[in-house]
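One file, protein.pdb, carrying PDB, C-alpha atoms and all ligand atoms:
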ATOM      1  CA  MET E   1       0.000   0.000   0.000  1.00  0.00           C
ATOM      2  CA  LYS E   2       3.055   2.277   0.334  1.00  0.00           C
ATOM      3  CA  ASN E   3       2.535   5.423  -1.782  1.00  0.00           C
ATOM      4  CA  SER E   4      -0.484   3.952  -3.532  1.00  0.00           C
ATOM      5  CA  VAL E   5      -3.984   5.207  -4.229  1.00  0.00           C
ATOM      6  CA  LEU E   6      -6.882   2.894  -5.096  1.00  0.00           C
ATOM      7  CA  VAL E   7     -10.157   4.238  -6.517  1.00  0.00           C
ATOM      8  CA  PHE E   8     -13.416   2.245  -6.598  1.00  0.00           C
ATOM      9  CA  ASP E   9     -16.723   3.391  -8.095  1.00  0.00           C
ATOM     10  CA  ASP E  10     -20.349   2.464  -7.321  1.00  0.00           C
ATOM     11  CA  VAL E  11     -19.292   0.758  -4.109  1.00  0.00           C
ATOM     12  CA  CYS E  12     -21.908   1.269  -1.415  1.00  0.00           C
ATOM     13  CA  GLU E  13     -25.620   0.373  -1.335  1.00  0.00           C
ATOM     14  CA  THR E  14     -27.327   3.529  -2.610  1.00  0.00           C
ATOM     15  CA  ALA E  15     -30.077   3.409   0.049  1.00  0.00           C
ATOM     16  CA  LEU E  16     -27.405   3.507   2.779  1.00  0.00           C
ATOM     17  CA  ILE E  17     -25.556   6.362   1.062  1.00  0.00           C
ATOM     18  CA  LYS E  18     -28.767   8.368   0.646  1.00  0.00           C
ATOM     19  CA  ARG E  19     -29.715   7.975   4.289  1.00  0.00           C
ATOM     20  CA  ALA E  20     -26.240   9.017   5.425  1.00  0.00           C
ATOM     21  CA  TYR E  21     -26.207  11.971   2.999  1.00  0.00           C
ATOM     22  CA  ASP E  22     -29.579  13.291   4.206  1.00  0.00           C
ATOM     23  CA  GLN E  23     -28.576  12.921   7.861  1.00  0.00           C
ATOM     24  CA  ILE E  24     -25.192  14.572   7.364  1.00  0.00           C
ATOM     25  CA  VAL E  25     -26.633  17.545   5.423  1.00  0.00           C
ATOM     26  CA  LYS E  26     -29.194  18.064   8.178  1.00  0.00           C
ATOM     27  CA  ARG E  27     -26.400  18.001  10.767  1.00  0.00           C
ATOM     28  CA  GLY E  28     -23.937  20.079   8.685  1.00  0.00           C
ATOM     29  CA  GLY E  29     -20.318  20.983   9.428  1.00  0.00           C
ATOM     30  CA  ALA E  30     -17.652  18.450  10.232  1.00  0.00           C
ATOM     31  CA  SER E  31     -17.942  15.832  12.972  1.00  0.00           C
ATOM     32  CA  TYR E  32     -15.755  12.980  14.033  1.00  0.00           C
ATOM     33  CA  LYS E  33     -15.490  10.164  16.517  1.00  0.00           C
ATOM     34  CA  PHE E  34     -13.180   7.233  17.111  1.00  0.00           C
ATOM     35  CA  THR E  35     -15.157   4.034  16.848  1.00  0.00           C
ATOM     36  CA  THR E  36     -13.863   0.637  17.911  1.00  0.00           C
ATOM     37  CA  LEU E  37     -14.724  -2.411  15.862  1.00  0.00           C
ATOM     38  CA  SER E  38     -17.330  -3.563  18.390  1.00  0.00           C
ATOM     39  CA  GLU E  39     -19.035  -0.141  18.248  1.00  0.00           C
ATOM     40  CA  LEU E  40     -19.292  -0.131  14.461  1.00  0.00           C
ATOM     41  CA  TRP E  41     -22.629  -1.963  14.297  1.00  0.00           C
ATOM     42  CA  SER E  42     -24.873   0.684  15.827  1.00  0.00           C
ATOM     43  CA  ASP E  43     -25.072   4.035  17.536  1.00  0.00           C
ATOM     44  CA  GLU E  44     -27.588   6.055  19.521  1.00  0.00           C
ATOM     45  CA  ASP E  45     -26.865   9.135  17.418  1.00  0.00           C
ATOM     46  CA  GLN E  46     -28.947   8.909  14.214  1.00  0.00           C
ATOM     47  CA  THR E  47     -26.389  10.603  11.999  1.00  0.00           C
ATOM     48  CA  LEU E  48     -23.506   8.516  13.259  1.00  0.00           C
ATOM     49  CA  GLN E  49     -25.631   5.383  12.967  1.00  0.00           C
ATOM     50  CA  ALA E  50     -26.274   6.137   9.257  1.00  0.00           C
ATOM     51  CA  VAL E  51     -22.589   6.938   8.685  1.00  0.00           C
ATOM     52  CA  LYS E  52     -21.459   3.744  10.432  1.00  0.00           C
ATOM     53  CA  LYS E  53     -23.701   1.662   8.152  1.00  0.00           C
ATOM     54  CA  VAL E  54     -21.926   3.115   5.114  1.00  0.00           C
ATOM     55  CA  VAL E  55     -18.497   2.534   6.672  1.00  0.00           C
ATOM     56  CA  HIS E  56     -19.456  -1.031   7.541  1.00  0.00           C
ATOM     57  CA  ASP E  57     -20.797  -1.719   4.049  1.00  0.00           C
ATOM     58  CA  VAL E  58     -17.611  -0.413   2.430  1.00  0.00           C
ATOM     59  CA  TRP E  59     -15.045  -2.094   4.719  1.00  0.00           C
ATOM     60  CA  TYR E  60     -16.875  -5.352   5.513  1.00  0.00           C
ATOM     61  CA  ASN E  61     -19.173  -6.136   2.553  1.00  0.00           C
ATOM     62  CA  LYS E  62     -17.505  -4.529  -0.463  1.00  0.00           C
ATOM     63  CA  LEU E  63     -13.788  -3.773  -0.082  1.00  0.00           C
ATOM     64  CA  TYR E  64     -12.957  -6.351   2.581  1.00  0.00           C
ATOM     65  CA  LYS E  65     -10.131  -7.750   0.436  1.00  0.00           C
ATOM     66  CA  HIS E  66      -8.330  -4.423   0.815  1.00  0.00           C
ATOM     67  CA  ARG E  67      -8.950  -4.116   4.541  1.00  0.00           C
ATOM     68  CA  PRO E  68      -5.752  -3.946   6.592  1.00  0.00           C
ATOM     69  CA  GLU E  69      -5.191  -6.656   9.199  1.00  0.00           C
ATOM     70  CA  ASN E  70      -5.443  -6.079  12.951  1.00  0.00           C
ATOM     71  CA  ILE E  71      -7.969  -3.246  12.856  1.00  0.00           C
ATOM     72  CA  PHE E  72      -8.793  -1.843  16.282  1.00  0.00           C
ATOM     73  CA  GLY E  73     -11.196   0.812  15.024  1.00  0.00           C
ATOM     74  CA  TYR E  74     -11.975   3.696  12.711  1.00  0.00           C
ATOM     75  CA  GLU E  75     -11.678   7.450  13.010  1.00  0.00           C
ATOM     76  CA  ILE E  76     -15.010   8.391  11.466  1.00  0.00           C
ATOM     77  CA  TRP E  77     -15.500  11.884  10.066  1.00  0.00           C
ATOM     78  CA  HIS E  78     -18.127  13.548   7.985  1.00  0.00           C
ATOM     79  CA  ASN E  79     -17.426  16.703   6.064  1.00  0.00           C
ATOM     80  CA  VAL E  80     -19.909  19.050   4.364  1.00  0.00           C
ATOM     81  CA  MET E  81     -18.726  21.514   1.715  1.00  0.00           C
ATOM     82  CA  TYR E  82     -20.764  24.190   0.006  1.00  0.00           C
ATOM     83  CA  GLU E  83     -19.407  26.387  -2.810  1.00  0.00           C
ATOM     84  CA  GLY E  84     -16.132  27.946  -1.668  1.00  0.00           C
ATOM     85  CA  GLY E  85     -15.392  25.084   0.755  1.00  0.00           C
ATOM     86  CA  ASN E  86     -12.023  23.326   0.725  1.00  0.00           C
ATOM     87  CA  LEU E  87      -9.646  21.347   2.934  1.00  0.00           C
ATOM     88  CA  ASP E  88      -6.034  22.428   3.449  1.00  0.00           C
ATOM     89  CA  LEU E  89      -3.034  20.172   2.923  1.00  0.00           C
ATOM     90  CA  HIS E  90      -2.699  17.720   5.824  1.00  0.00           C
ATOM     91  CA  THR E  91      -1.653  14.194   6.696  1.00  0.00           C
ATOM     92  CA  ASP E  92      -4.060  11.888   8.522  1.00  0.00           C
ATOM     93  CA  CYS E  93      -2.480  11.290  11.916  1.00  0.00           C
ATOM     94  CA  ASP E  94      -3.097  10.995  15.650  1.00  0.00           C
ATOM     95  CA  GLU E  95      -3.552  14.646  16.589  1.00  0.00           C
ATOM     96  CA  SER E  96      -3.045  13.911  20.286  1.00  0.00           C
ATOM     97  CA  SER E  97       0.444  12.479  19.711  1.00  0.00           C
ATOM     98  CA  GLU E  98       3.586  14.600  19.490  1.00  0.00           C
ATOM     99  CA  LYS E  99       5.068  12.135  17.007  1.00  0.00           C
ATOM    100  CA  MET E 100       3.616  11.631  13.533  1.00  0.00           C
ATOM    101  CA  VAL E 101       1.577   8.456  13.962  1.00  0.00           C
ATOM    102  CA  CYS E 102      -0.529   7.534  10.928  1.00  0.00           C
ATOM    103  CA  PRO E 103      -3.485   5.170  10.511  1.00  0.00           C
ATOM    104  CA  SER E 104      -3.061   1.781   8.812  1.00  0.00           C
ATOM    105  CA  MET E 105      -4.974   3.039   5.770  1.00  0.00           C
ATOM    106  CA  SER E 106      -6.979   6.122   4.834  1.00  0.00           C
ATOM    107  CA  CYS E 107     -10.413   5.884   3.249  1.00  0.00           C
ATOM    108  CA  VAL E 108     -12.759   8.508   1.818  1.00  0.00           C
ATOM    109  CA  ILE E 109     -16.332   7.825   0.675  1.00  0.00           C
ATOM    110  CA  TYR E 110     -18.235  10.349  -1.470  1.00  0.00           C
ATOM    111  CA  CYS E 111     -21.923  10.459  -0.594  1.00  0.00           C
ATOM    112  CA  GLY E 112     -23.433  13.200  -2.729  1.00  0.00           C
ATOM    113  CA  PRO E 113     -24.561  15.057  -4.678  1.00  0.00           C
ATOM    114  CA  ASP E 114     -25.063  12.535  -7.466  1.00  0.00           C
ATOM    115  CA  ASP E 115     -24.505  15.157 -10.180  1.00  0.00           C
ATOM    116  CA  ARG E 116     -21.192  16.512 -11.374  1.00  0.00           C
ATOM    117  CA  ILE E 117     -19.765  19.302  -9.285  1.00  0.00           C
ATOM    118  CA  GLY E 118     -17.051  21.867 -10.095  1.00  0.00           C
ATOM    119  CA  GLY E 119     -13.784  21.609  -8.160  1.00  0.00           C
ATOM    120  CA  GLY E 120     -13.695  19.565  -4.949  1.00  0.00           C
ATOM    121  CA  GLN E 121     -10.991  17.227  -6.291  1.00  0.00           C
ATOM    122  CA  LEU E 122      -8.869  15.243  -3.848  1.00  0.00           C
ATOM    123  CA  LEU E 123      -5.160  15.939  -4.399  1.00  0.00           C
ATOM    124  CA  ILE E 124      -2.743  13.388  -2.924  1.00  0.00           C
ATOM    125  CA  ASP E 125       0.999  14.033  -2.827  1.00  0.00           C
ATOM    126  CA  THR E 126       2.244  10.520  -3.619  1.00  0.00           C
ATOM    127  CA  THR E 127       5.985  11.248  -3.305  1.00  0.00           C
ATOM    128  CA  GLY E 128       6.093  14.034  -0.717  1.00  0.00           C
ATOM    129  CA  GLN E 129       7.472  16.336  -3.418  1.00  0.00           C
ATOM    130  CA  ASN E 130       4.287  18.018  -4.584  1.00  0.00           C
ATOM    131  CA  ASP E 131       3.618  15.184  -6.997  1.00  0.00           C
ATOM    132  CA  PHE E 132      -0.141  15.332  -6.807  1.00  0.00           C
ATOM    133  CA  GLU E 133      -2.453  12.588  -7.968  1.00  0.00           C
ATOM    134  CA  VAL E 134      -5.795  14.260  -8.789  1.00  0.00           C
ATOM    135  CA  ILE E 135      -8.968  12.332  -7.994  1.00  0.00           C
ATOM    136  CA  ASN E 136     -12.228  13.850  -9.134  1.00  0.00           C
ATOM    137  CA  TYR E 137     -15.276  13.879  -6.902  1.00  0.00           C
ATOM    138  CA  ARG E 138     -17.776  11.255  -8.010  1.00  0.00           C
ATOM    139  CA  TYR E 139     -20.929  10.030  -6.297  1.00  0.00           C
ATOM    140  CA  ASN E 140     -20.430   6.681  -4.500  1.00  0.00           C
ATOM    141  CA  ARG E 141     -16.677   6.675  -5.162  1.00  0.00           C
ATOM    142  CA  VAL E 142     -14.329   5.262  -2.508  1.00  0.00           C
ATOM    143  CA  VAL E 143     -10.654   6.214  -2.342  1.00  0.00           C
ATOM    144  CA  LEU E 144      -8.195   4.130  -0.305  1.00  0.00           C
ATOM    145  CA  PHE E 145      -4.694   5.483   0.131  1.00  0.00           C
ATOM    146  CA  ASP E 146      -1.483   5.232   2.114  1.00  0.00           C
ATOM    147  CA  SER E 147      -2.102   7.416   5.175  1.00  0.00           C
ATOM    148  CA  SER E 148       1.419   8.848   5.207  1.00  0.00           C
ATOM    149  CA  MET E 149       0.711  10.847   2.025  1.00  0.00           C
ATOM    150  CA  PRO E 150      -0.269  14.525   2.466  1.00  0.00           C
ATOM    151  CA  HIS E 151      -3.540  15.452   0.770  1.00  0.00           C
ATOM    152  CA  GLN E 152      -5.968  18.309   0.320  1.00  0.00           C
ATOM    153  CA  VAL E 153      -9.336  19.096  -1.249  1.00  0.00           C
ATOM    154  CA  ASN E 154      -9.591  21.803  -3.909  1.00  0.00           C
ATOM    155  CA  THR E 155     -12.180  24.525  -3.507  1.00  0.00           C
ATOM    156  CA  VAL E 156     -15.697  23.504  -4.528  1.00  0.00           C
ATOM    157  CA  SER E 157     -16.368  25.980  -7.353  1.00  0.00           C
ATOM    158  CA  TYR E 158     -19.841  24.865  -8.454  1.00  0.00           C
ATOM    159  CA  LEU E 159     -22.744  22.836  -7.108  1.00  0.00           C
ATOM    160  CA  PRO E 160     -25.667  21.992  -9.427  1.00  0.00           C
ATOM    161  CA  ASN E 161     -28.033  22.628  -6.496  1.00  0.00           C
ATOM    162  CA  SER E 162     -26.900  25.078  -3.869  1.00  0.00           C
ATOM    163  CA  ASP E 163     -28.710  23.154  -1.120  1.00  0.00           C
ATOM    164  CA  GLN E 164     -26.999  19.861  -2.021  1.00  0.00           C
ATOM    165  CA  PRO E 165     -23.419  20.169  -0.718  1.00  0.00           C
ATOM    166  CA  ARG E 166     -20.451  17.928  -1.409  1.00  0.00           C
ATOM    167  CA  VAL E 167     -20.418  15.367   1.403  1.00  0.00           C
ATOM    168  CA  ALA E 168     -17.569  13.010   2.201  1.00  0.00           C
ATOM    169  CA  ILE E 169     -17.070  10.428   4.924  1.00  0.00           C
ATOM    170  CA  SER E 170     -13.490   9.831   5.957  1.00  0.00           C
ATOM    171  CA  CYS E 171     -12.816   6.636   7.903  1.00  0.00           C
ATOM    172  CA  PRO E 172      -9.129   5.801   8.325  1.00  0.00           C
ATOM    173  CA  ALA E 173      -8.492   2.375   9.860  1.00  0.00           C
ATOM    174  CA  TRP E 174      -6.313   2.202  12.994  1.00  0.00           C
ATOM    175  CA  ASP E 175      -4.551  -0.763  14.584  1.00  0.00           C
ATOM    176  CA  HIS E 176      -4.751   0.902  18.006  1.00  0.00           C
ATOM    177  CA  GLU E 177      -7.040   3.324  19.794  1.00  0.00           C
ATOM    178  CA  ILE E 178      -6.448   7.050  19.418  1.00  0.00           C
ATOM    179  CA  LYS E 179      -8.055   9.774  21.451  1.00  0.00           C
ATOM    180  CA  PRO E 180      -8.928  12.825  19.356  1.00  0.00           C
ATOM    181  CA  LYS E 181      -8.823  16.025  21.417  1.00  0.00           C
ATOM    182  CA  VAL E 182     -12.450  16.823  20.701  1.00  0.00           C
ATOM    183  CA  GLU E 183     -15.119  14.415  19.547  1.00  0.00           C
ATOM    184  CA  ARG E 184     -18.271  15.868  18.096  1.00  0.00           C
ATOM    185  CA  TYR E 185     -21.257  13.656  17.451  1.00  0.00           C
TER
HETATM  186 FE    FE B 201      -7.443  13.538   5.414  1.00  0.00          FE
END
Write the structure described by the file as structure tokens, please.
Amino acid sequence: MKNSVLVFDDVCETALIKRAYDQIVKRGGASYKFTTLSELWSDEDQTLQAVKKVVHDVWYNKLYKHRPENIFGYEIWHNVMYEGGNLDLHTDCDESSEKMVCPSMSCVIYCGPDDRIGGGQLLIDTTGQNDFEVINYRYNRVVLFDSSMPHQVNTVSYLPNSDQPRVAISCPAWDHEIKPKVERY
């Protein structure tokens, strides 16, 4: 997996994606929570419950052959972007650690809108020397990549419907528990 990016299309059950998309848009913003494997099956929070179902479908029903071994849990995020939204260059890591400790594998799932949008591409620096692989946003696309690679999201320049934002779920897999400074769900 070192320095590699894998892209899969039409991965998740569309009913699960739609439910997660609607819940996330209603909730808005960005939220995250560390979820152990045993907590992945359900949640009291409706939004997180819908998001977990998508994460479970992707990692356990569809892309299980690519799942790293020895998973302890997932750092589950949702992210909502309207026109003008973007994400700065960063590396997925344990933010509570002073050392750079990365997940076993990073994973992003695009949940909507189902039309083409302008901008919002994922840029992954595969060599650490500004050698960016460009991955376009596409509905129901899943991107798996080596977590040590810095990445960013270009500004969303156009949405076909202004009330249907670009929504992504990020769910890096960890082989040990991490404790994010703030959990919001
Ligand atoms: Fe990231």
Would you tabulate, counting all atoms listed in the file, all residues of chain E that have an atom at most 8 Å from an atom of ligand FE 201 (chain B), showing the closest pair of atoms and their distance in Å to one decimal, sorted by chain then ascending number, as a Markdown table?
| residue | atom | partner | partner_atom | distance |
| --- | --- | --- | --- | --- |
| E:His90 | CA | B:FE201 | FE | 6.3 |
| E:Thr91 | CA | B:FE201 | FE | 6.0 |
| E:Asp92 | CA | B:FE201 | FE | 4.9 |
| E:Ser106 | CA | B:FE201 | FE | 7.5 |
| E:Pro150 | CA | B:FE201 | FE | 7.8 |
| E:His151 | CA | B:FE201 | FE | 6.4 |
| E:Gln152 | CA | B:FE201 | FE | 7.1 |
| E:Ser170 | CA | B:FE201 | FE | 7.1 |
- request: For the structure shown, which residues end up in the PyMOL selection byres (((chain E and resi 138-149) around 6) and not hetatm)? Put them as a PyMOL selection string, please?
  value: chain E and resi 1-10+92+102-103+105-112+114+125-126+137+150
Quick one: write out the picked residues with C-alpha atoms as a CSV table (one decimal), in the coordinates of the input?
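File produced: result21.csv:
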chain,number,residue,atom,x,y,z
E,1,MET,CA,0.0,0.0,0.0
E,2,LYS,CA,3.1,2.3,0.3
E,3,ASN,CA,2.5,5.4,-1.8
E,4,SER,CA,-0.5,4.0,-3.5
E,5,VAL,CA,-4.0,5.2,-4.2
E,6,LEU,CA,-6.9,2.9,-5.1
E,7,VAL,CA,-10.2,4.2,-6.5
E,8,PHE,CA,-13.4,2.2,-6.6
E,9,ASP,CA,-16.7,3.4,-8.1
E,10,ASP,CA,-20.3,2.5,-7.3
E,92,ASP,CA,-4.1,11.9,8.5
E,102,CYS,CA,-0.5,7.5,10.9
E,103,PRO,CA,-3.5,5.2,10.5
E,105,MET,CA,-5.0,3.0,5.8
E,106,SER,CA,-7.0,6.1,4.8
E,107,CYS,CA,-10.4,5.9,3.2
E,108,VAL,CA,-12.8,8.5,1.8
E,109,ILE,CA,-16.3,7.8,0.7
E,110,TYR,CA,-18.2,10.3,-1.5
E,111,CYS,CA,-21.9,10.5,-0.6
E,112,GLY,CA,-23.4,13.2,-2.7
E,114,ASP,CA,-25.1,12.5,-7.5
E,125,ASP,CA,1.0,14.0,-2.8
E,126,THR,CA,2.2,10.5,-3.6
E,137,TYR,CA,-15.3,13.9,-6.9
E,150,PRO,CA,-0.3,14.5,2.5
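Nearest residue to E:Gly73 among E:Lys18, E:Lys33, E:Lys53, E:Arg27 is E:Lys33, counting only C-alpha atoms.
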- prompt: On this structure, which residues satisfy the PyMOL selection byres (((chain E and resi 23) around 10) and not hetatm), written as a VMD selection string?
  reply: chain E and resid 17 to 22 24 to 28 46 to 51
message: Restricting the calculation to all atoms listed in the file: of E:Ala15, E:Met81, E:Leu40, E:Val101, which residue gets closest to E:His176?
response: E:Val101
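When only C-alpha atoms are used to measure the gap to E:Pro165, the shortest distance among E:Asn130, E:Ser97, E:Gln121, E:Asn79 belongs to E:Asn79.
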- prompt: Which one of E:Asp115, E:Tyr185, E:Thr155, E:Ala173 sits closest to E:Pro68 if you count all atoms listed in the file?
  reply: E:Ala173
